[in-house]
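Printed here is query13.txt (compact mmCIF, C-alpha atoms):
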# COMPACT_ATOMS: atom_id res chain seq x y z
CA MET A 1 109.80 116.24 101.94
CA GLN A 2 110.10 118.58 98.96
CA VAL A 3 107.36 118.38 96.35
CA MET A 4 106.68 119.87 92.93
CA ILE A 5 103.02 120.01 91.92
CA ASP A 6 100.93 121.18 89.00
CA LEU A 7 97.64 122.67 90.20
CA CYS A 8 94.64 123.41 87.98
CA VAL A 9 91.47 124.57 89.80
CA VAL A 10 88.21 124.62 87.83
CA PRO A 11 85.23 126.38 89.47
CA ILE A 12 81.90 124.81 88.46
CA GLY A 13 78.64 126.71 88.52
CA VAL A 14 80.00 130.24 88.03
CA GLY A 15 79.89 130.58 84.24
CA VAL A 16 82.53 130.09 81.57
CA SER A 17 85.03 132.73 82.62
CA VAL A 18 87.24 131.48 85.41
CA SER A 19 90.31 133.73 85.19
CA ARG A 20 89.52 135.81 88.29
CA TYR A 21 89.52 132.58 90.32
CA VAL A 22 92.87 131.55 88.88
CA ALA A 23 94.21 135.03 89.71
CA ALA A 24 93.04 134.64 93.32
CA CYS A 25 95.07 131.42 93.59
CA GLN A 26 98.16 133.23 92.27
CA ARG A 27 97.81 135.77 95.09
CA ILE A 28 97.51 133.01 97.69
CA LEU A 29 100.71 131.40 96.38
CA ASP A 30 102.50 134.78 96.49
CA GLU A 31 101.40 135.39 100.07
CA ALA A 32 102.52 131.89 101.05
CA GLY A 33 105.97 132.69 99.69
CA LEU A 34 105.93 129.61 97.48
CA LYS A 35 107.87 129.48 94.23
CA HIS A 36 105.33 129.10 91.42
CA GLN A 37 104.98 129.50 87.67
CA LEU A 38 101.73 130.13 85.81
CA GLY A 39 101.10 128.03 82.71
CA PRO A 40 98.21 127.80 80.24
CA TYR A 41 96.77 124.69 81.94
CA GLY A 42 97.89 124.98 85.54
CA THR A 43 100.41 126.45 87.93
CA THR A 44 103.59 124.63 88.91
CA ILE A 45 104.44 125.05 92.60
CA GLU A 46 107.61 124.03 94.44
CA GLY A 47 108.16 123.72 98.20
CA GLU A 48 107.84 121.70 101.39
CA TRP A 49 104.93 119.24 101.21
CA ASP A 50 102.92 120.73 104.09
CA ALA A 51 103.31 124.35 102.94
CA VAL A 52 102.32 123.46 99.38
CA PHE A 53 99.18 121.53 100.36
CA GLU A 54 98.23 124.15 102.93
CA ALA A 55 98.20 126.63 100.01
CA VAL A 56 96.09 124.28 97.89
CA ARG A 57 93.55 124.07 100.71
CA ARG A 58 93.52 127.85 101.04
CA CYS A 59 92.81 128.10 97.28
CA HIS A 60 89.74 125.88 97.68
CA GLU A 61 88.54 127.77 100.77
CA THR A 62 89.05 131.17 99.15
CA LEU A 63 87.31 130.26 95.89
CA HIS A 64 84.31 128.93 97.80
CA ASP A 65 84.28 132.22 99.75
CA MET A 66 84.30 134.08 96.41
CA GLY A 67 81.05 132.31 95.54
CA ALA A 68 82.04 129.14 93.66
CA PRO A 69 79.69 126.39 94.91
CA ARG A 70 81.73 123.55 93.44
CA LEU A 71 85.43 123.15 92.70
CA PHE A 72 87.23 120.52 90.70
CA SER A 73 91.02 120.52 90.82
CA THR A 74 93.50 118.32 89.07
CA LEU A 75 96.97 117.94 90.52
CA LYS A 76 100.16 116.26 89.42
CA VAL A 77 102.41 115.61 92.40
CA GLY A 78 106.07 114.65 92.12
CA THR A 79 108.52 113.68 94.84
CA ARG A 80 111.94 112.09 94.50
CA THR A 81 114.61 110.85 96.87
CA ASP A 82 117.38 110.33 94.31
CA ARG A 83 118.13 114.03 93.84
CA GLU A 84 116.74 117.54 94.14
CA GLN A 85 115.12 119.01 91.05
CA THR A 86 113.72 122.50 90.48
CA ILE A 87 111.28 123.72 87.81
CA GLU A 88 114.26 125.01 85.80
CA ASP A 89 116.12 121.71 86.14
CA LYS A 90 113.15 119.84 84.67
CA LEU A 91 112.91 122.17 81.68
CA ASP A 92 116.69 122.25 81.16
CA SER A 93 117.02 118.47 81.11
CA VAL A 94 114.48 118.23 78.27
CA ARG A 95 116.00 121.15 76.35
CA ALA A 96 119.48 119.58 76.60
CA LYS A 97 118.12 116.47 74.85
CA LEU A 98 116.66 118.61 72.05
CA GLN A 99 120.02 120.00 70.94
CA MET B 1 85.94 121.05 104.70
CA GLN B 2 84.93 117.67 103.27
CA VAL B 3 86.75 116.53 100.13
CA MET B 4 86.47 113.66 97.67
CA ILE B 5 89.64 112.83 95.78
CA ASP B 6 90.83 110.38 93.18
CA LEU B 7 94.43 109.33 93.85
CA CYS B 8 96.67 107.49 91.38
CA VAL B 9 100.29 107.02 92.47
CA VAL B 10 102.81 105.89 89.84
CA PRO B 11 106.26 104.81 91.10
CA ILE B 12 109.01 105.54 88.56
CA GLY B 13 112.27 103.63 88.46
CA VAL B 14 111.08 100.33 89.97
CA GLY B 15 110.07 98.38 86.88
CA VAL B 16 106.72 97.86 85.19
CA SER B 17 104.84 96.11 87.98
CA VAL B 18 103.50 98.60 90.46
CA SER B 19 100.67 96.70 92.19
CA ARG B 20 102.50 96.12 95.48
CA TYR B 21 102.89 99.90 95.81
CA VAL B 22 99.19 100.44 95.15
CA ALA B 23 98.42 97.77 97.77
CA ALA B 24 100.60 99.59 100.32
CA CYS B 25 98.52 102.74 99.75
CA GLN B 26 95.31 100.77 100.35
CA ARG B 27 96.66 99.68 103.74
CA ILE B 28 97.55 103.27 104.65
CA LEU B 29 94.00 104.37 103.82
CA ASP B 30 92.56 101.52 105.91
CA GLU B 31 94.74 102.43 108.89
CA ALA B 32 93.72 106.09 108.53
CA GLY B 33 90.09 105.00 108.77
CA LEU B 34 89.25 106.83 105.55
CA LYS B 35 86.41 105.67 103.32
CA HIS B 36 87.93 104.62 99.99
CA GLN B 37 87.16 102.61 96.88
CA LEU B 38 89.75 101.02 94.59
CA GLY B 39 89.26 101.52 90.86
CA PRO B 40 91.26 100.44 87.80
CA TYR B 41 92.90 103.88 87.46
CA GLY B 42 92.96 105.25 90.97
CA THR B 43 91.37 105.15 94.40
CA THR B 44 88.52 107.43 95.41
CA ILE B 45 88.86 108.72 98.97
CA GLU B 46 86.33 110.66 101.06
CA GLY B 47 86.93 112.59 104.27
CA GLU B 48 88.03 115.75 106.02
CA TRP B 49 90.59 117.70 103.93
CA ASP B 50 93.47 117.45 106.41
CA ALA B 51 93.00 113.74 107.11
CA VAL B 52 92.80 112.92 103.40
CA PHE B 53 95.94 114.87 102.44
CA GLU B 54 97.82 113.55 105.48
CA ALA B 55 97.14 110.06 104.07
CA VAL B 56 98.34 111.11 100.60
CA ARG B 57 101.59 112.32 102.15
CA ARG B 58 101.99 109.07 104.06
CA CYS B 59 101.55 107.17 100.77
CA HIS B 60 104.42 109.13 99.21
CA GLU B 61 106.64 108.68 102.29
CA THR B 62 105.91 104.95 102.56
CA LEU B 63 106.51 104.23 98.86
CA HIS B 64 109.84 106.06 99.01
CA ASP B 65 110.71 103.94 102.08
CA MET B 66 109.80 100.82 100.05
CA GLY B 67 112.49 101.80 97.56
CA ALA B 68 110.77 103.90 94.89
CA PRO B 69 113.19 106.74 94.06
CA ARG B 70 110.61 108.81 92.19
CA LEU B 71 106.83 109.11 92.51
CA PHE B 72 104.32 110.74 90.20
CA SER B 73 100.76 111.04 91.45
CA THR B 74 97.72 112.45 89.75
CA LEU B 75 94.83 113.67 91.87
CA LYS B 76 91.35 114.92 91.17
CA VAL B 77 90.07 116.95 94.09
CA GLY B 78 86.42 117.94 94.54
CA THR B 79 84.85 120.18 97.18
CA ARG B 80 81.37 121.70 97.22
CA THR B 81 79.47 124.02 99.49
CA ASP B 82 76.02 123.58 97.93
CA ARG B 83 75.45 120.11 99.35
CA GLU B 84 77.11 117.00 100.72
CA GLN B 85 77.82 114.22 98.25
CA THR B 86 79.23 110.74 98.86
CA ILE B 87 80.82 108.32 96.38
CA GLU B 88 77.47 106.49 96.13
CA ASP B 89 75.58 109.75 95.54
CA LYS B 90 77.82 110.57 92.59
CA LEU B 91 77.32 107.17 90.98
CA ASP B 92 73.56 107.15 91.72
CA SER B 93 72.97 110.54 90.13
CA VAL B 94 74.52 109.35 86.86
CA ARG B 95 72.70 106.01 86.96
CA ALA B 96 69.37 107.76 87.53
CA LYS B 97 69.91 109.70 84.28
CA LEU B 98 70.60 106.47 82.40
CA GLN B 99 67.17 104.98 83.08
CA MET C 1 97.50 99.52 69.79
CA GLN C 2 95.26 98.68 72.76
CA VAL C 3 94.70 101.44 75.30
CA MET C 4 93.01 101.75 78.67
CA ILE C 5 91.90 105.25 79.61
CA ASP C 6 90.18 107.02 82.47
CA LEU C 7 87.91 109.79 81.17
CA CYS C 8 86.37 112.53 83.30
CA VAL C 9 84.48 115.25 81.41
CA VAL C 10 83.55 118.43 83.30
CA PRO C 11 81.12 120.83 81.57
CA ILE C 12 81.74 124.46 82.53
CA GLY C 13 79.05 127.13 82.38
CA VAL C 14 75.99 124.89 82.84
CA GLY C 15 75.55 124.96 86.61
CA VAL C 16 76.67 122.59 89.35
CA SER C 17 74.78 119.47 88.31
CA VAL C 18 76.63 117.62 85.60
CA SER C 19 75.25 114.07 85.85
CA ARG C 20 73.10 114.26 82.70
CA TYR C 21 76.25 115.06 80.71
CA VAL C 22 78.08 112.11 82.25
CA ALA C 23 75.09 109.90 81.40
CA ALA C 24 75.23 111.09 77.76
CA CYS C 25 78.86 109.96 77.60
CA GLN C 26 77.89 106.52 78.95
CA ARG C 27 75.41 106.16 76.10
CA ILE C 28 78.05 107.12 73.52
CA LEU C 29 80.40 104.47 74.92
CA ASP C 30 77.62 101.86 74.80
CA GLU C 31 76.81 102.72 71.19
CA ALA C 32 80.50 102.53 70.29
CA GLY C 33 80.58 99.00 71.72
CA LEU C 34 83.51 99.87 73.95
CA LYS C 35 84.07 98.09 77.24
CA HIS C 36 83.71 100.68 80.01
CA GLN C 37 83.16 100.96 83.74
CA LEU C 38 81.68 103.97 85.52
CA GLY C 39 83.48 105.18 88.64
CA PRO C 40 82.89 108.08 91.03
CA TYR C 41 85.57 110.23 89.36
CA GLY C 42 85.65 109.03 85.79
CA THR C 43 84.94 106.17 83.44
CA THR C 44 87.53 103.56 82.56
CA ILE C 45 87.43 102.58 78.88
CA GLU C 46 89.27 99.76 77.12
CA GLY C 47 89.79 99.26 73.39
CA GLU C 48 91.70 100.01 70.24
CA TRP C 49 93.33 103.48 70.38
CA ASP C 50 91.44 104.97 67.43
CA ALA C 51 88.03 103.68 68.53
CA VAL C 52 88.55 104.93 72.09
CA PHE C 53 89.63 108.42 71.07
CA GLU C 54 86.90 108.63 68.44
CA ALA C 55 84.44 108.07 71.32
CA VAL C 56 86.12 110.75 73.44
CA ARG C 57 85.72 113.23 70.57
CA ARG C 58 82.07 112.25 70.18
CA CYS C 59 81.56 112.94 73.90
CA HIS C 60 82.92 116.46 73.47
CA GLU C 61 80.86 117.09 70.34
CA THR C 62 77.66 115.74 71.91
CA LEU C 63 78.02 117.71 75.16
CA HIS C 64 78.57 120.92 73.19
CA ASP C 65 75.43 120.07 71.18
CA MET C 66 73.58 119.62 74.50
CA GLY C 67 74.43 123.22 75.35
CA ALA C 68 77.69 123.12 77.28
CA PRO C 69 79.78 126.09 76.02
CA ARG C 70 83.02 124.88 77.58
CA LEU C 71 84.34 121.42 78.40
CA PHE C 72 87.31 120.39 80.48
CA SER C 73 88.27 116.73 80.44
CA THR C 74 91.01 114.94 82.28
CA LEU C 75 92.32 111.67 80.91
CA LYS C 76 94.74 109.03 82.11
CA VAL C 77 96.01 107.00 79.19
CA GLY C 78 97.87 103.71 79.57
CA THR C 79 99.51 101.55 76.91
CA ARG C 80 101.92 98.66 77.35
CA THR C 81 103.87 96.37 75.07
CA ASP C 82 105.02 93.88 77.69
CA ARG C 83 101.64 92.21 78.12
CA GLU C 84 97.89 92.64 77.73
CA GLN C 85 95.99 93.88 80.76
CA THR C 86 92.26 94.34 81.25
CA ILE C 87 90.40 96.41 83.83
CA GLU C 88 89.88 93.23 85.90
CA ASP C 89 93.56 92.29 85.63
CA LYS C 90 94.56 95.66 87.08
CA LEU C 91 92.20 95.34 90.03
CA ASP C 92 93.10 91.66 90.63
CA SER C 93 96.83 92.32 90.75
CA VAL C 94 96.34 94.89 93.53
CA ARG C 95 93.88 92.69 95.44
CA ALA C 96 96.28 89.73 95.29
CA LYS C 97 98.89 91.87 97.06
CA LEU C 98 96.39 92.78 99.78
CA GLN C 99 95.91 89.19 100.93
CA MET D 1 86.77 121.29 66.43
CA GLN D 2 89.73 123.15 67.92
CA VAL D 3 91.23 121.74 71.10
CA MET D 4 93.88 122.79 73.59
CA ILE D 5 95.45 119.97 75.57
CA ASP D 6 98.09 119.51 78.24
CA LEU D 7 100.05 116.30 77.66
CA CYS D 8 102.35 114.65 80.20
CA VAL D 9 103.76 111.26 79.20
CA VAL D 10 105.46 109.17 81.91
CA PRO D 11 107.41 106.09 80.74
CA ILE D 12 107.37 103.28 83.33
CA GLY D 13 110.06 100.64 83.53
CA VAL D 14 112.96 102.62 82.04
CA GLY D 15 114.52 104.15 85.15
CA VAL D 16 114.11 107.55 86.78
CA SER D 17 115.38 109.77 83.96
CA VAL D 18 112.66 110.39 81.42
CA SER D 19 113.80 113.58 79.68
CA ARG D 20 114.91 111.91 76.43
CA TYR D 21 111.37 110.55 76.05
CA VAL D 22 109.88 114.00 76.62
CA ALA D 23 112.31 115.39 74.05
CA ALA D 24 111.17 112.77 71.51
CA CYS D 25 107.58 113.98 71.97
CA GLN D 26 108.67 117.57 71.34
CA ARG D 27 110.14 116.50 68.00
CA ILE D 28 106.94 114.70 67.05
CA LEU D 29 104.92 117.85 67.78
CA ASP D 30 107.35 119.94 65.72
CA GLU D 31 107.09 117.55 62.77
CA ALA D 32 103.29 117.60 63.04
CA GLY D 33 103.38 121.39 62.74
CA LEU D 34 101.36 121.78 65.91
CA LYS D 35 101.70 124.85 68.09
CA HIS D 36 103.04 123.70 71.45
CA GLN D 37 104.72 125.01 74.59
CA LEU D 38 106.87 122.96 76.97
CA GLY D 39 106.20 123.37 80.68
CA PRO D 40 107.66 121.75 83.79
CA TYR D 41 104.76 119.29 84.11
CA GLY D 42 103.53 118.83 80.59
CA THR D 43 103.30 120.31 77.13
CA THR D 44 100.39 122.47 76.03
CA ILE D 45 99.31 121.75 72.45
CA GLU D 46 96.82 123.65 70.28
CA GLY D 47 95.17 122.54 67.06
CA GLU D 48 92.44 120.61 65.28
CA TRP D 49 91.18 117.69 67.39
CA ASP D 50 92.21 114.92 64.97
CA ALA D 51 95.69 116.33 64.32
CA VAL D 52 96.35 116.79 68.03
CA PHE D 53 95.27 113.27 69.01
CA GLU D 54 97.08 111.76 66.04
CA ALA D 55 100.25 113.35 67.51
CA VAL D 56 99.48 111.96 70.97
CA ARG D 57 99.18 108.48 69.48
CA ARG D 58 102.46 108.91 67.63
CA CYS D 59 104.12 109.88 70.95
CA HIS D 60 102.94 106.63 72.53
CA GLU D 61 104.01 104.55 69.50
CA THR D 62 107.42 106.22 69.30
CA LEU D 63 108.20 105.89 73.01
CA HIS D 64 107.30 102.20 72.91
CA ASP D 65 109.63 101.86 69.89
CA MET D 66 112.36 103.59 71.94
CA GLY D 67 112.06 100.77 74.48
CA ALA D 68 109.53 101.94 77.07
CA PRO D 69 107.39 98.86 77.92
CA ARG D 70 104.69 100.84 79.69
CA LEU D 71 103.43 104.41 79.29
CA PHE D 72 101.16 106.43 81.50
CA SER D 73 99.97 109.77 80.17
CA THR D 74 97.80 112.37 81.78
CA LEU D 75 95.91 114.82 79.58
CA LYS D 76 93.78 117.87 80.19
CA VAL D 77 91.55 118.53 77.21
CA GLY D 78 89.66 121.77 76.66
CA THR D 79 87.16 122.68 73.98
CA ARG D 80 84.78 125.64 73.82
CA THR D 81 82.11 126.84 71.47
CA ASP D 82 81.61 130.31 72.96
CA ARG D 83 84.85 131.75 71.58
CA GLU D 84 88.31 130.93 70.31
CA GLN D 85 91.11 131.00 72.85
CA THR D 86 94.84 130.54 72.33
CA ILE D 87 97.55 129.66 74.88
CA GLU D 88 98.45 133.37 75.08
CA ASP D 89 94.80 134.36 75.57
CA LYS D 90 94.50 132.03 78.56
CA LEU D 91 97.63 133.44 80.21
CA ASP D 92 96.71 137.05 79.39
CA SER D 93 93.24 136.78 80.92
CA VAL D 94 94.71 135.64 84.24
CA ARG D 95 97.47 138.25 84.16
CA ALA D 96 94.93 141.02 83.48
CA LYS D 97 93.14 140.05 86.70
CA LEU D 98 96.40 140.24 88.66
CA GLN D 99 96.98 143.93 87.93
Show me this structure written as structure tokens.
Amino acid sequence: MQVMIDLCVVPIGVGVSVSRYVAACQRILDEAGLKHQLGPYGTTIEGEWDAVFEAVRRCHETLHDMGAPRLFSTLKVGTRTDREQTIEDKLDSVRAKLQ
Amino acid sequence: MQVMIDLCVVPIGVGVSVSRYVAACQRILDEAGLKHQLGPYGTTIEGEWDAVFEAVRRCHETLHDMGAPRLFSTLKVGTRTDREQTIEDKLDSVRAKLQ
Amino acid sequence: MQVMIDLCVVPIGVGVSVSRYVAACQRILDEAGLKHQLGPYGTTIEGEWDAVFEAVRRCHETLHDMGAPRLFSTLKVGTRTDREQTIEDKLDSVRAKLQ
Amino acid sequence: MQVMIDLCVVPIGVGVSVSRYVAACQRILDEAGLKHQLGPYGTTIEGEWDAVFEAVRRCHETLHDMGAPRLFSTLKVGTRTDREQTIEDKLDSVRAKLQ
């Protein structure tokens, strides 16, 4: 099953600056070979369900290893059986309606 | 790694009444033997990371099998290494501050 | 317009224990006279749109005043024109399907 | 109080294609003069708290007027008192850590 998720990991208890933790997640997604796109409030990730959620788990494990005692992530998770849809498809279908 | 999540699955394209889909997820969580608590805007689930996310995947698969062509879930995912914390612990620590 | 929301405020940069901030939000909701129900991963709030979001803003303002330099909230926001639905209605409609 | 939010509105009960509703929200944000950026899983919006949430309310009202009987939105809401931060600042601080 293909899935497209939005992942936003917030480390709690390590101060206000969290960008190095977000950067660590980007590297994990690169190493996993998953298609992903960084946004201001989360990263959109596309792929097979198990590979995507394996990467999410690795993000939590790695950020704890980096010293974050508590992590709070929010995810949006989309699956569909009617058709395939990529990140670009989603953006294009909205942009087409704006013209 | 223990995890506590809040799961809210929204089926799209099956009309406005979605309670039978939420009920199907409750049954999946029961069968998985995972501790869970239904709320008005999602279900809180406690357990080992892999078991919890295996159940989330089964919810998506089952709801597609029930006829939902598109699913949109929102999850909050919490892990911590400083201490263990159950659903009751979380509620109790807030209630203690209210007295 | 009536709205039912789920509000989860996470203070960043104040350590791992956040329950006193959650308790402060409960008091704001009480003072606002809004119907609300505490859950392990957020508080469900019912009411008129403007009153509910006025209370959310007051939560952010108050938690900053309490010393939190950065706040991250997640909200689920539901409105419907087909019928009225309370917190109890939502839970009852799922439970009815479980019998 | 400045706020940066991520807004994702899901209309329920109008079929699987929701892009024309997302496009309507984009127009509302344009008319409100709010800085915003469309992403695959939501729109990031920057501005004064009241102006931003006034626009969110108008999105819900407009989509109901367009025929959606039920709306489910998820929002991430960030405020900070330690410094100002724009959408570009957030992305740049992660990218700087990736080099």
| request: Excluding B:Arg80 and residues on its chain fewer than 2 positions from it, collect all residues at most 12 Å away from it, counting only C-alpha atoms, and give them as a PyMOL selection string. | output: (chain A and resi 10-13+60-61+63-65+67-73) or (chain B and resi 1-4+77-78+82-86) or (chain C and resi 16-17)
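Near B:Val94, within 10 Å and counting all atoms listed in the file, sit Asp89, Lys90, Leu91, Asp92, Ala96, Lys97, Leu98 and Gln99 of chain B; Val18, Ser19, Arg20, Tyr21, Val22, Ala23, Ala24, Gln26, Leu38 and Pro40 of chain C, not including residues fewer than 2 positions from it in the same chain.
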Take the residues from that selection and write them out as an mmCIF file, in the coordinates of the input, keeping C-alpha atoms.
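What ended up in out-v7.cif:
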data_model
loop_
_atom_site.group_PDB
_atom_site.id
_atom_site.type_symbol
_atom_site.label_atom_id
_atom_site.label_comp_id
_atom_site.auth_asym_id
_atom_site.auth_seq_id
_atom_site.Cartn_x
_atom_site.Cartn_y
_atom_site.Cartn_z
ATOM 1 C CA ASP B 89 75.580 109.750 95.540
ATOM 2 C CA LYS B 90 77.820 110.570 92.590
ATOM 3 C CA LEU B 91 77.320 107.170 90.980
ATOM 4 C CA ASP B 92 73.560 107.150 91.720
ATOM 5 C CA ALA B 96 69.370 107.760 87.530
ATOM 6 C CA LYS B 97 69.910 109.700 84.280
ATOM 7 C CA LEU B 98 70.600 106.470 82.400
ATOM 8 C CA GLN B 99 67.170 104.980 83.080
ATOM 9 C CA VAL C 18 76.630 117.620 85.600
ATOM 10 C CA SER C 19 75.250 114.070 85.850
ATOM 11 C CA ARG C 20 73.100 114.260 82.700
ATOM 12 C CA TYR C 21 76.250 115.060 80.710
ATOM 13 C CA VAL C 22 78.080 112.110 82.250
ATOM 14 C CA ALA C 23 75.090 109.900 81.400
ATOM 15 C CA ALA C 24 75.230 111.090 77.760
ATOM 16 C CA GLN C 26 77.890 106.520 78.950
ATOM 17 C CA LEU C 38 81.680 103.970 85.520
ATOM 18 C CA PRO C 40 82.890 108.080 91.030
#
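Among the candidates A:His36, A:Arg27, A:Arg58, A:Lys76, the one nearest to chain B when counting all atoms listed in the file is A:Lys76.
What separates atom CA of C:Leu7 from atom CA of C:Thr74 is a distance of 6.1 Å.
In this comparison, which uses only C-alpha atoms, the residue of C:Cys8, C:Met66, C:Val14, C:Ile28 approaching C:Thr44 most closely is C:Cys8.
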B:Lys35 environment, 8 Å, only C-alpha atoms, sequence neighbours closer than 6 positions dropped, as a PDB file with C-alpha atoms, keeping the file's coordinate frame:
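Produced file part.pdb, reproduced below:
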ATOM      1  CA  LEU B  29      94.000 104.370 103.820  1.00  0.00           C
ATOM      2  CA  ILE B  45      88.860 108.720  98.970  1.00  0.00           C
ATOM      3  CA  GLU B  46      86.330 110.660 101.060  1.00  0.00           C
ATOM      4  CA  GLY B  47      86.930 112.590 104.270  1.00  0.00           C
TER       5      GLY B  47
END
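Among the candidates A:Thr43, A:Thr79, A:Gly15, A:Ala32, the residue lying nearest to B:Val56 is A:Thr79 (atoms considered: only C-alpha atoms).
Shortest atom-to-atom contact with chain A among C:Leu75, C:Glu54, C:Leu34, C:Gly39: C:Leu75, counting only C-alpha atoms.
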| said: I'd like to know which of D:Asp50, D:Cys25, D:Thr62, D:Gly33 is closest to chain A, using only C-alpha atoms. | reply: D:Cys25
